[in-house]
Every structure is written in C-alpha cells, then in structure tokens.
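Novice: Contents of start24.cif (mmCIF, C-alpha atoms) are given next:
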```cif
data_target
#
loop_
_atom_site.group_PDB
_atom_site.id
_atom_site.type_symbol
_atom_site.label_atom_id
_atom_site.label_comp_id
_atom_site.auth_asym_id
_atom_site.auth_seq_id
_atom_site.Cartn_x
_atom_site.Cartn_y
_atom_site.Cartn_z
ATOM 1 C CA MET A 1 211.757 88.675 198.669
ATOM 2 C CA ASP A 2 213.783 91.793 199.403
ATOM 3 C CA ILE A 3 215.901 90.566 202.306
ATOM 4 C CA ARG A 4 218.001 93.327 203.887
ATOM 5 C CA LEU A 5 218.539 91.885 207.380
ATOM 6 C CA VAL A 6 219.453 88.298 208.261
ATOM 7 C CA VAL A 7 219.505 87.362 211.945
ATOM 8 C CA SER A 8 220.793 83.970 213.007
ATOM 9 C CA ASP A 9 221.186 82.140 216.274
ATOM 10 C CA MET A 10 224.659 80.665 216.704
ATOM 11 C CA ASP A 11 224.853 77.410 218.699
ATOM 12 C CA GLY A 12 222.842 74.653 217.090
ATOM 13 C CA THR A 13 221.885 76.865 214.152
ATOM 14 C CA LEU A 14 224.767 78.441 212.223
ATOM 15 C CA LEU A 15 227.704 76.996 214.139
ATOM 16 C CA LEU A 16 228.866 73.443 213.657
ATOM 17 C CA ASP A 17 228.671 71.031 216.570
ATOM 18 C CA ASP A 18 232.245 71.890 217.565
ATOM 19 C CA GLY A 19 231.260 75.542 217.974
ATOM 20 C CA THR A 20 233.030 76.829 214.878
ATOM 21 C CA VAL A 21 231.738 78.878 211.948
ATOM 22 C CA PRO A 22 231.631 76.761 208.756
ATOM 23 C CA ASP A 23 234.410 77.727 206.349
ATOM 24 C CA GLU A 24 231.848 78.094 203.552
ATOM 25 C CA PHE A 25 230.119 80.892 205.437
ATOM 26 C CA TRP A 26 232.781 83.567 204.934
ATOM 27 C CA PRO A 27 232.454 84.055 201.161
ATOM 28 C CA LEU A 28 228.665 84.158 201.600
ATOM 29 C CA LEU A 29 229.063 86.877 204.216
ATOM 30 C CA ASP A 30 231.265 88.876 201.855
ATOM 31 C CA GLU A 31 228.673 88.583 199.087
ATOM 32 C CA MET A 32 225.829 89.620 201.370
ATOM 33 C CA THR A 33 227.788 92.621 202.602
ATOM 34 C CA ALA A 34 228.549 93.659 199.031
ATOM 35 C CA ARG A 35 224.814 93.493 198.196
ATOM 36 C CA GLY A 36 223.746 95.500 201.240
ATOM 37 C CA ILE A 37 222.337 92.559 203.203
ATOM 38 C CA SER A 38 223.242 92.811 206.892
ATOM 39 C CA PHE A 39 224.061 89.548 208.649
ATOM 40 C CA VAL A 40 223.627 89.685 212.427
ATOM 41 C CA PRO A 41 224.642 86.997 214.937
ATOM 42 C CA ALA A 42 222.001 86.661 217.685
ATOM 43 C CA SER A 43 223.082 84.647 220.671
ATOM 44 C CA GLY A 44 223.161 84.122 224.389
ATOM 45 C CA ARG A 45 226.914 84.541 224.071
ATOM 46 C CA GLN A 46 228.537 87.732 225.278
ATOM 47 C CA LEU A 47 229.398 90.522 222.857
ATOM 48 C CA ALA A 48 233.140 89.963 223.177
ATOM 49 C CA THR A 49 232.710 86.301 222.235
ATOM 50 C CA LEU A 50 230.663 87.136 219.146
ATOM 51 C CA ARG A 51 233.174 89.757 218.058
ATOM 52 C CA ARG A 52 235.963 87.204 218.342
ATOM 53 C CA LEU A 53 234.004 84.663 216.289
ATOM 54 C CA PHE A 54 233.599 87.231 213.499
ATOM 55 C CA GLU A 55 236.769 89.258 214.032
ATOM 56 C CA ALA A 56 237.916 88.776 210.433
ATOM 57 C CA ARG A 57 234.797 90.629 209.236
ATOM 58 C CA SER A 58 233.847 92.601 212.338
ATOM 59 C CA ALA A 59 234.075 96.123 210.870
ATOM 60 C CA GLY A 60 230.567 97.556 210.646
ATOM 61 C CA MET A 61 228.805 94.390 211.859
ATOM 62 C CA SER A 62 225.845 94.355 214.207
ATOM 63 C CA TYR A 63 225.384 91.907 217.086
ATOM 64 C CA ILE A 64 222.522 90.803 219.297
ATOM 65 C CA ALA A 65 224.333 89.510 222.380
ATOM 66 C CA GLU A 66 223.374 88.133 225.798
ATOM 67 C CA ASN A 67 220.000 86.947 224.452
ATOM 68 C CA GLY A 68 218.997 90.427 223.337
ATOM 69 C CA THR A 69 219.981 92.388 226.430
ATOM 70 C CA LEU A 70 222.868 94.032 224.550
ATOM 71 C CA VAL A 71 222.579 95.126 220.911
ATOM 72 C CA SER A 72 225.443 96.697 219.001
ATOM 73 C CA ASN A 73 225.577 98.271 215.535
ATOM 74 C CA ALA A 74 228.905 99.249 213.960
ATOM 75 C CA GLY A 75 230.554 99.562 217.355
ATOM 76 C CA HIS A 76 227.750 101.572 218.969
ATOM 77 C CA ILE A 77 225.333 100.244 221.592
ATOM 78 C CA VAL A 78 221.797 100.365 220.179
ATOM 79 C CA SER A 79 220.047 99.008 223.270
ATOM 80 C CA MET A 80 220.938 97.611 226.680
ATOM 81 C CA THR A 81 218.661 96.095 229.315
ATOM 82 C CA THR A 82 219.657 95.257 232.894
ATOM 83 C CA VAL A 83 217.997 93.538 235.841
ATOM 84 C CA PRO A 84 217.525 95.252 239.237
ATOM 85 C CA ASP A 85 220.608 94.874 241.435
ATOM 86 C CA ASP A 86 218.653 93.239 244.274
ATOM 87 C CA PHE A 87 217.186 90.742 241.837
ATOM 88 C CA ALA A 88 220.660 89.763 240.586
ATOM 89 C CA LEU A 89 221.726 89.137 244.184
ATOM 90 C CA ASP A 90 218.642 86.991 244.771
ATOM 91 C CA VAL A 91 219.466 84.793 241.767
ATOM 92 C CA VAL A 92 223.081 84.319 242.858
ATOM 93 C CA ARG A 93 221.929 83.327 246.335
ATOM 94 C CA ALA A 94 219.285 80.985 244.909
ATOM 95 C CA VAL A 95 221.996 79.169 242.936
ATOM 96 C CA ARG A 96 224.139 78.882 246.080
ATOM 97 C CA ASN A 97 221.208 77.438 248.013
ATOM 98 C CA ALA A 98 220.412 74.973 245.225
ATOM 99 C CA ALA A 99 224.031 73.826 245.201
ATOM 100 C CA ARG A 100 223.884 73.241 248.957
ATOM 101 C CA ASP A 101 220.826 71.060 248.312
ATOM 102 C CA GLY A 102 222.855 68.948 245.904
ATOM 103 C CA ALA A 103 222.019 70.564 242.552
ATOM 104 C CA ASN A 104 224.960 70.691 240.156
ATOM 105 C CA LEU A 105 224.572 74.348 239.153
ATOM 106 C CA GLY A 106 226.834 77.303 238.513
ATOM 107 C CA VAL A 107 226.011 80.919 237.657
ATOM 108 C CA VAL A 108 227.628 83.474 235.380
ATOM 109 C CA VAL A 109 226.959 87.131 236.158
ATOM 110 C CA CYS A 110 226.984 88.897 232.782
ATOM 111 C CA ARG A 111 227.683 92.623 232.470
ATOM 112 C CA ARG A 112 228.655 94.927 229.635
ATOM 113 C CA ASP A 113 232.251 95.018 230.898
ATOM 114 C CA GLY A 114 232.555 91.230 231.092
ATOM 115 C CA ALA A 115 231.350 88.301 233.161
ATOM 116 C CA ALA A 116 232.204 86.867 236.558
ATOM 117 C CA ILE A 117 231.929 83.449 238.218
ATOM 118 C CA GLU A 118 232.587 82.222 241.752
ATOM 119 C CA ARG A 119 232.363 78.497 241.047
ATOM 120 C CA THR A 120 235.860 77.726 239.777
ATOM 121 C CA ASP A 121 236.146 73.956 239.379
ATOM 122 C CA GLY A 122 237.578 72.895 236.046
ATOM 123 C CA SER A 123 234.404 71.374 234.626
ATOM 124 C CA PHE A 124 232.336 74.523 235.151
ATOM 125 C CA VAL A 125 235.072 76.880 233.994
ATOM 126 C CA ALA A 126 235.428 74.817 230.805
ATOM 127 C CA GLU A 127 231.716 75.210 230.033
ATOM 128 C CA CYS A 128 231.875 78.951 230.637
ATOM 129 C CA ALA A 129 234.921 79.322 228.404
ATOM 130 C CA LYS A 130 232.935 77.985 225.444
ATOM 131 C CA TYR A 131 230.668 81.045 225.488
ATOM 132 C CA TYR A 132 232.517 83.758 227.424
ATOM 133 C CA VAL A 133 235.934 84.969 226.357
ATOM 134 C CA GLU A 134 235.969 87.682 229.009
ATOM 135 C CA PHE A 135 235.190 86.437 232.515
ATOM 136 C CA ASP A 136 236.799 86.732 235.934
ATOM 137 C CA GLU A 137 236.992 84.060 238.609
ATOM 138 C CA VAL A 138 236.125 85.773 241.897
ATOM 139 C CA ASP A 139 235.668 84.767 245.522
ATOM 140 C CA ASP A 140 232.296 86.489 245.916
ATOM 141 C CA LEU A 141 229.798 87.485 243.210
ATOM 142 C CA ASP A 142 227.826 89.855 245.413
ATOM 143 C CA PRO A 143 229.865 92.986 244.496
ATOM 144 C CA TYR A 144 229.359 92.181 240.798
ATOM 145 C CA CYS A 145 225.565 92.213 241.025
ATOM 146 C CA ARG A 146 225.259 95.729 239.651
ATOM 147 C CA ASP A 147 224.207 96.719 236.128
ATOM 148 C CA VAL A 148 223.740 93.040 235.254
ATOM 149 C CA LEU A 149 222.542 92.225 231.745
ATOM 150 C CA LYS A 150 221.796 88.583 232.398
ATOM 151 C CA LEU A 151 222.434 85.746 234.814
ATOM 152 C CA ALA A 152 223.313 82.529 233.014
ATOM 153 C CA VAL A 153 222.848 79.361 235.048
ATOM 154 C CA PHE A 154 224.500 76.143 233.910
ATOM 155 C CA ASP A 155 222.995 72.852 235.021
ATOM 156 C CA PHE A 156 225.122 69.781 234.417
ATOM 157 C CA ASP A 157 221.938 67.694 234.476
ATOM 158 C CA ASP A 158 218.826 69.247 232.891
ATOM 159 C CA ALA A 159 218.208 72.980 232.579
ATOM 160 C CA ALA A 160 214.455 72.711 232.007
ATOM 161 C CA SER A 161 213.949 70.790 235.243
ATOM 162 C CA ALA A 162 216.137 73.195 237.198
ATOM 163 C CA ALA A 163 214.310 76.210 235.774
ATOM 164 C CA ALA A 164 210.961 74.812 236.877
ATOM 165 C CA HIS A 165 212.204 73.714 240.304
ATOM 166 C CA TYR A 166 214.424 76.595 241.410
ATOM 167 C CA PHE A 167 213.514 79.663 239.364
ATOM 168 C CA ALA A 168 209.837 79.400 238.409
ATOM 169 C CA ASP A 169 208.717 82.027 240.945
ATOM 170 C CA LEU A 170 211.137 84.794 239.951
ATOM 171 C CA ASP A 171 209.521 88.094 238.967
ATOM 172 C CA GLN A 172 211.740 88.564 235.915
ATOM 173 C CA GLN A 173 212.187 86.434 232.790
ATOM 174 C CA VAL A 174 213.531 82.871 232.894
ATOM 175 C CA VAL A 175 214.393 81.265 229.544
ATOM 176 C CA VAL A 176 215.749 77.776 228.908
ATOM 177 C CA SER A 177 218.263 78.535 226.175
ATOM 178 C CA GLY A 178 219.783 75.080 225.760
ATOM 179 C CA ARG A 179 219.882 71.624 227.275
ATOM 180 C CA HIS A 180 222.095 72.859 230.117
ATOM 181 C CA TRP A 181 221.689 76.661 230.146
ATOM 182 C CA ILE A 182 219.090 78.916 231.761
ATOM 183 C CA ASP A 183 219.152 82.652 231.030
ATOM 184 C CA ILE A 184 217.549 84.974 233.573
ATOM 185 C CA MET A 185 216.920 88.515 232.319
ATOM 186 C CA ALA A 186 214.690 91.528 232.771
ATOM 187 C CA SER A 187 211.080 91.053 231.729
ATOM 188 C CA GLY A 188 210.713 91.992 228.083
ATOM 189 C CA ALA A 189 214.369 91.443 227.216
ATOM 190 C CA ASN A 190 214.767 88.937 224.399
ATOM 191 C CA LYS A 191 216.256 88.469 220.958
ATOM 192 C CA GLY A 192 213.029 89.647 219.346
ATOM 193 C CA ASN A 193 213.259 93.088 220.905
ATOM 194 C CA GLY A 194 216.912 93.131 219.927
ATOM 195 C CA VAL A 195 215.893 92.512 216.315
ATOM 196 C CA ARG A 196 213.335 95.313 216.485
ATOM 197 C CA ALA A 197 215.947 97.720 217.869
ATOM 198 C CA LEU A 198 218.196 96.920 214.909
ATOM 199 C CA GLN A 199 215.335 97.208 212.442
ATOM 200 C CA ARG A 200 214.721 100.734 213.699
ATOM 201 C CA ALA A 201 218.423 101.603 213.606
ATOM 202 C CA LEU A 202 218.872 100.236 210.074
ATOM 203 C CA GLY A 203 215.536 101.312 208.620
ATOM 204 C CA VAL A 204 214.542 97.730 207.808
ATOM 205 C CA GLY A 205 211.052 96.235 208.081
ATOM 206 C CA ALA A 206 209.988 92.830 209.337
ATOM 207 C CA ASP A 207 209.116 91.845 205.759
ATOM 208 C CA GLN A 208 212.772 92.469 204.856
ATOM 209 C CA THR A 209 214.065 90.399 207.781
ATOM 210 C CA ALA A 210 214.923 86.697 207.862
ATOM 211 C CA ALA A 211 215.597 84.817 211.095
ATOM 212 C CA PHE A 212 217.081 81.375 211.807
ATOM 213 C CA GLY A 213 216.757 79.551 215.124
ATOM 214 C CA ASP A 214 216.785 76.270 216.975
ATOM 215 C CA TYR A 215 215.834 76.729 220.628
ATOM 216 C CA LEU A 216 213.337 78.353 222.977
ATOM 217 C CA ASN A 217 215.290 81.587 223.350
ATOM 218 C CA ASP A 218 214.680 82.138 219.615
ATOM 219 C CA VAL A 219 210.867 82.285 219.870
ATOM 220 C CA GLU A 220 210.603 86.079 220.037
ATOM 221 C CA MET A 221 213.273 86.514 217.373
ATOM 222 C CA LEU A 222 211.227 84.528 214.878
ATOM 223 C CA ALA A 223 208.159 86.595 215.742
ATOM 224 C CA ALA A 224 210.058 89.769 214.768
ATOM 225 C CA ALA A 225 210.884 88.536 211.256
ATOM 226 C CA GLY A 226 208.771 88.013 208.168
ATOM 227 C CA HIS A 227 210.824 85.058 206.903
ATOM 228 C CA THR A 228 211.559 82.395 209.501
ATOM 229 C CA TYR A 229 213.562 79.173 209.420
ATOM 230 C CA ALA A 230 214.029 76.307 211.871
ATOM 231 C CA VAL A 231 216.942 73.921 211.466
ATOM 232 C CA ALA A 232 216.126 70.214 211.434
ATOM 233 C CA ASN A 233 217.616 69.777 214.908
ATOM 234 C CA ALA A 234 215.395 72.541 216.386
ATOM 235 C CA HIS A 235 213.162 72.254 219.429
ATOM 236 C CA PRO A 236 209.614 71.196 218.414
ATOM 237 C CA ASP A 237 208.177 74.559 219.469
ATOM 238 C CA ILE A 238 210.564 76.359 217.125
ATOM 239 C CA VAL A 239 209.691 74.001 214.289
ATOM 240 C CA LYS A 240 206.003 74.811 214.814
ATOM 241 C CA GLN A 241 206.599 78.555 214.782
ATOM 242 C CA ALA A 242 208.964 78.845 211.828
ATOM 243 C CA ARG A 243 207.513 79.088 208.335
ATOM 244 C CA HIS A 244 210.282 76.938 206.848
ATOM 245 C CA ARG A 245 212.291 73.937 207.986
ATOM 246 C CA ILE A 246 215.846 73.560 206.694
ATOM 247 C CA PRO A 247 218.699 71.047 207.150
ATOM 248 C CA SER A 248 220.479 70.902 210.488
ATOM 249 C CA ASN A 249 223.426 73.009 211.588
ATOM 250 C CA ALA A 250 225.700 70.024 210.913
ATOM 251 C CA ASP A 251 224.320 69.860 207.373
ATOM 252 C CA ARG A 252 224.791 73.638 206.930
ATOM 253 C CA GLY A 253 221.130 74.414 206.370
ATOM 254 C CA VAL A 254 221.554 78.141 207.059
ATOM 255 C CA LEU A 255 224.241 78.415 204.387
ATOM 256 C CA ALA A 256 221.959 76.932 201.745
ATOM 257 C CA VAL A 257 219.304 79.572 202.430
ATOM 258 C CA LEU A 258 221.856 82.388 202.496
ATOM 259 C CA ARG A 259 222.943 81.328 199.019
ATOM 260 C CA GLN A 260 219.298 81.550 197.897
ATOM 261 C CA PHE A 261 219.065 85.101 199.263
ATOM 262 C CA ILE A 262 222.220 86.108 197.406
ATOM 263 C CA ASP A 263 221.077 84.531 194.150
ATOM 264 C CA ALA A 264 217.658 86.181 194.427
ATOM 265 C CA ASP A 265 219.356 89.570 194.897
ATOM 266 C CA ALA A 266 221.629 89.144 191.871
ATOM 267 C CA PRO A 267 221.371 91.827 189.157
ATOM 268 C CA GLY A 268 218.878 90.958 186.451
ATOM 269 C CA ARG A 269 216.742 88.735 188.631
#
```
Mind turning this structure into structure tokens?
Specialist:
Amino acid sequence: MDIRLVVSDMDGTLLLDDGTVPDEFWPLLDEMTARGISFVPASGRQLATLRRLFEARSAGMSYIAENGTLVSNAGHIVSMTTVPDDFALDVVRAVRNAARDGANLGVVVCRRDGAAIERTDGSFVAECAKYYVEFDEVDDLDPYCRDVLKLAVFDFDDAASAAAHYFADLDQQVVVSGRHWIDIMASGANKGNGVRALQRALGVGADQTAAFGDYLNDVEMLAAAGHTYAVANAHPDIVKQARHRIPSNADRGVLAVLRQFIDADAPGR
C-alpha cells in the first residue's frame, strides 16, 4: 500500500467515548505528517470544533466538516455546499411543528460563520455544546436560514424513527448520523464528495486513500477510498461495506492501523 491520505470519522471511530482524542494519537500524527501522509478528520461537527480538537497540530491540516458540506485544506475552503434558503426555513418550521406534537426535538442551523439555535433549555444546549463550539442562542431562527450548510436535528429519543416520521418527504438529503442526530443537507452533499474534493486538491487517488467509519453518514466516505475500515462498534451496514473490521474506538482500533501505515512507509521496507 502507498497510503497518502487517511480520512477518519470522529465520534465512535477515532474519539474515545468521552469525546476526546486518545493521547497515543498525537505521536502517530507527527510521524504521518513527517512521512507525507495527510490525516483528515471527517465529521458532522463544525469546522471550528474540529480545529479546536486538533489545535496543537492544526497548521496545514485539512478538514471535512459538517458531514462534507464544508471542506478545508491548509486554511482554504476547498468546497462548500448549501441548501436553498426556503428549504432551510421549511426544516426549522417542521421541527417546531413536531415539537408542538410532543416530539422532543431541537434543530441547529449550521453556517460557515457559526451555528444558531432557538431551543435554549439546558439539556439541548448541553448536547449542542458537545459538537459546536461556535453557536448563538437566538429568539428566532428564521433570519439565520440563509447560506445554510446543514440543519442538524437532535432527537432525545430515536433519530431514525424521527427521520422516517417527520423528514422522509423532504426533497433534499436526510442522513441519520448517530443514535440521536439527523443531518439534513443538499442532495449530493456527503463526506464522500468531501473526500473526492480533497483528493483532487492534494493529487491523491482513491487507491492511496484509507477511510475509517462507524455510522451511516460514513457510507459515501468509504466508497471514495480504496482501503476501508469499520470499527467493531460500527453500524451493521458500515461493517458490510468496509473491507476490514478493526477494534472499537474504545479499544483504539484506528490507532493500530495508523501504526501499520507508518511502519509500511518506513525507509527500507
């Protein structure tokens, strides 16, 4: 293998269950960088959140943020995809209507310049704060429904059921990205297209790309890579698609494979 690009989902894949980067990752990242192997976080998290996670090594890094709707390379935006303004308004109003019907939902309006929420109870704000370091609490989301990258809906019960019940008829893309999160984006926006945008920017082929994932929003990302890995805790559909199964995020499965990439790239091998 000649791996030049490594793309990894964050929550449930690289990150530990407490949402932190394993300490053992940092020296591996330094070694990969020294050998010309680009490591790219790919997540539903916003760009600012990813940059904070990797701020100690952020110089020159690439990021696939907001489930592929915003891709950055060395501080420059490589690609950005937004939903129509009227569509964003429709989603916000659909969440309001569902809440009036008793559904325990909240929505985050995600834009390049930050995120905004209008549900401000402590439990919802705490969930948002796990993934968004830049968000405003506002009285009315309607004025923020312009140039929207993604609408992230949190369901305190079950995201898959809510997606099927409330959002199945939308004319854009609805992705269940976790047990409690639904990401609603423009049709064709996904991590896979984010990977392809970076491959073009970096001059890297699919056969030189490795991807790690755990959930349904990683499907397209795995399809864009020649070397694919599902952690042991992955959704069954991801396990079926990936060529390799590795230990769980808690057991640091991604780190073990990164070490293999580094060793395979060592001089004299």
Novice: Taking all atoms listed in the file into account, name the residue in A:Ala230, A:Leu141, A:Val40, A:Leu105 that is nearest to Val125 of chain A.
Specialist: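 Closest to Val125 of chain A of all the choices is A:Leu105.
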Novice: I'd like to know which of A:Lys150, A:Glu220, A:Arg252, A:Leu202 is closest to Ala74 of chain A, using only C-alpha atoms.
Specialist: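 Once distances to Ala74 of chain A are computed over only C-alpha atoms, the minimum belongs to A:Leu202.
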Novice: On this structure, the PyMOL selection byres ((chain A and resi 183-190) around 7) would catch which residues? List them as a PyMOL selection string, sorted by chain and number.
Specialist: chain A and resi 67-69+81-83+149-153+172-177+181-182+191-194+220
Novice: I'd like the residues picked by the PyMOL selection byres ((chain A and resi 24-38) around 12) written out as a PyMOL selection string, using the chain letters and numbers from the file.
Specialist: chain A and resi 2-8+14-16+20-23+39-41+53-63+73-74+195+198-199+202-204+208-211+251-267
Novice: Quick one: distance from atom CA of Gly114 of chain A to atom CA of Asp18 of chain A in Å, one decimal?
Specialist: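 So the answer is 23.6 Å.
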Novice: Quick one: of A:Asp142, A:Glu134, A:Asp121, A:Asp101, who's nearest to Leu89 of chain A, counting all atoms listed in the file?
Specialist: A:Asp142
Novice: So what does the PyMOL selection byres ((chain A and resi 161) around 12) actually pick up in this one, as a list in words?
Specialist: Ala103, Leu105, Phe154, Asp155, Phe156, Asp157, Asp158, Ala159, Ala160, Ala162, Ala163, Ala164, His165, Tyr166, Phe167, Ala168, Val175, Val176, Gly178, Arg179, His180, Trp181 and Ile182 of chain A
Novice: Add whatever atoms are absent from segment 168-182 of chain A to reach N, CA and C atoms, and provide the output as a JSON list (two decimals), keeping the file's coordinate frame.
Specialist:
```json
[["chain", "number", "residue", "atom", "x", "y", "z"],
["A", 168, "ALA", "N", 211.16, 79.17, 239.00],
["A", 168, "ALA", "CA", 209.84, 79.40, 238.41],
["A", 168, "ALA", "C", 209.13, 80.61, 239.02],
["A", 169, "ASP", "N", 209.45, 80.97, 240.26],
["A", 169, "ASP", "CA", 208.72, 82.03, 240.94],
["A", 169, "ASP", "C", 209.40, 83.39, 240.85],
["A", 170, "LEU", "N", 210.45, 83.51, 240.08],
["A", 170, "LEU", "CA", 211.14, 84.79, 239.95],
["A", 170, "LEU", "C", 210.25, 85.80, 239.22],
["A", 171, "ASP", "N", 210.39, 87.08, 239.57],
["A", 171, "ASP", "CA", 209.52, 88.09, 238.97],
["A", 171, "ASP", "C", 210.12, 88.73, 237.72],
["A", 172, "GLN", "N", 211.19, 88.14, 237.20],
["A", 172, "GLN", "CA", 211.74, 88.56, 235.92],
["A", 172, "GLN", "C", 211.63, 87.38, 234.94],
["A", 173, "GLN", "N", 212.35, 87.42, 233.86],
["A", 173, "GLN", "CA", 212.19, 86.43, 232.79],
["A", 173, "GLN", "C", 213.19, 85.29, 232.91],
["A", 174, "VAL", "N", 212.70, 84.07, 232.84],
["A", 174, "VAL", "CA", 213.53, 82.87, 232.89],
["A", 174, "VAL", "C", 213.35, 82.11, 231.58],
["A", 175, "VAL", "N", 214.45, 81.90, 230.85],
["A", 175, "VAL", "CA", 214.39, 81.26, 229.54],
["A", 175, "VAL", "C", 215.36, 80.08, 229.52],
["A", 176, "VAL", "N", 214.87, 78.92, 229.13],
["A", 176, "VAL", "CA", 215.75, 77.78, 228.91],
["A", 176, "VAL", "C", 216.34, 77.93, 227.51],
["A", 177, "SER", "N", 217.63, 78.20, 227.46],
["A", 177, "SER", "CA", 218.26, 78.54, 226.18],
["A", 177, "SER", "C", 219.08, 77.39, 225.60],
["A", 178, "GLY", "N", 219.07, 76.25, 226.25],
["A", 178, "GLY", "CA", 219.78, 75.08, 225.76],
["A", 178, "GLY", "C", 219.54, 73.93, 226.72],
["A", 179, "ARG", "N", 220.09, 72.79, 226.41],
["A", 179, "ARG", "CA", 219.88, 71.62, 227.28],
["A", 179, "ARG", "C", 220.41, 71.86, 228.69],
["A", 180, "HIS", "N", 221.47, 72.66, 228.81],
["A", 180, "HIS", "CA", 222.10, 72.86, 230.12],
["A", 180, "HIS", "C", 222.09, 74.31, 230.59],
["A", 181, "TRP", "N", 221.60, 75.25, 229.78],
["A", 181, "TRP", "CA", 221.69, 76.66, 230.15],
["A", 181, "TRP", "C", 220.32, 77.28, 230.40],
["A", 182, "ILE", "N", 220.26, 78.10, 231.44],
["A", 182, "ILE", "CA", 219.09, 78.92, 231.76],
["A", 182, "ILE", "C", 219.54, 80.37, 231.76]]
```
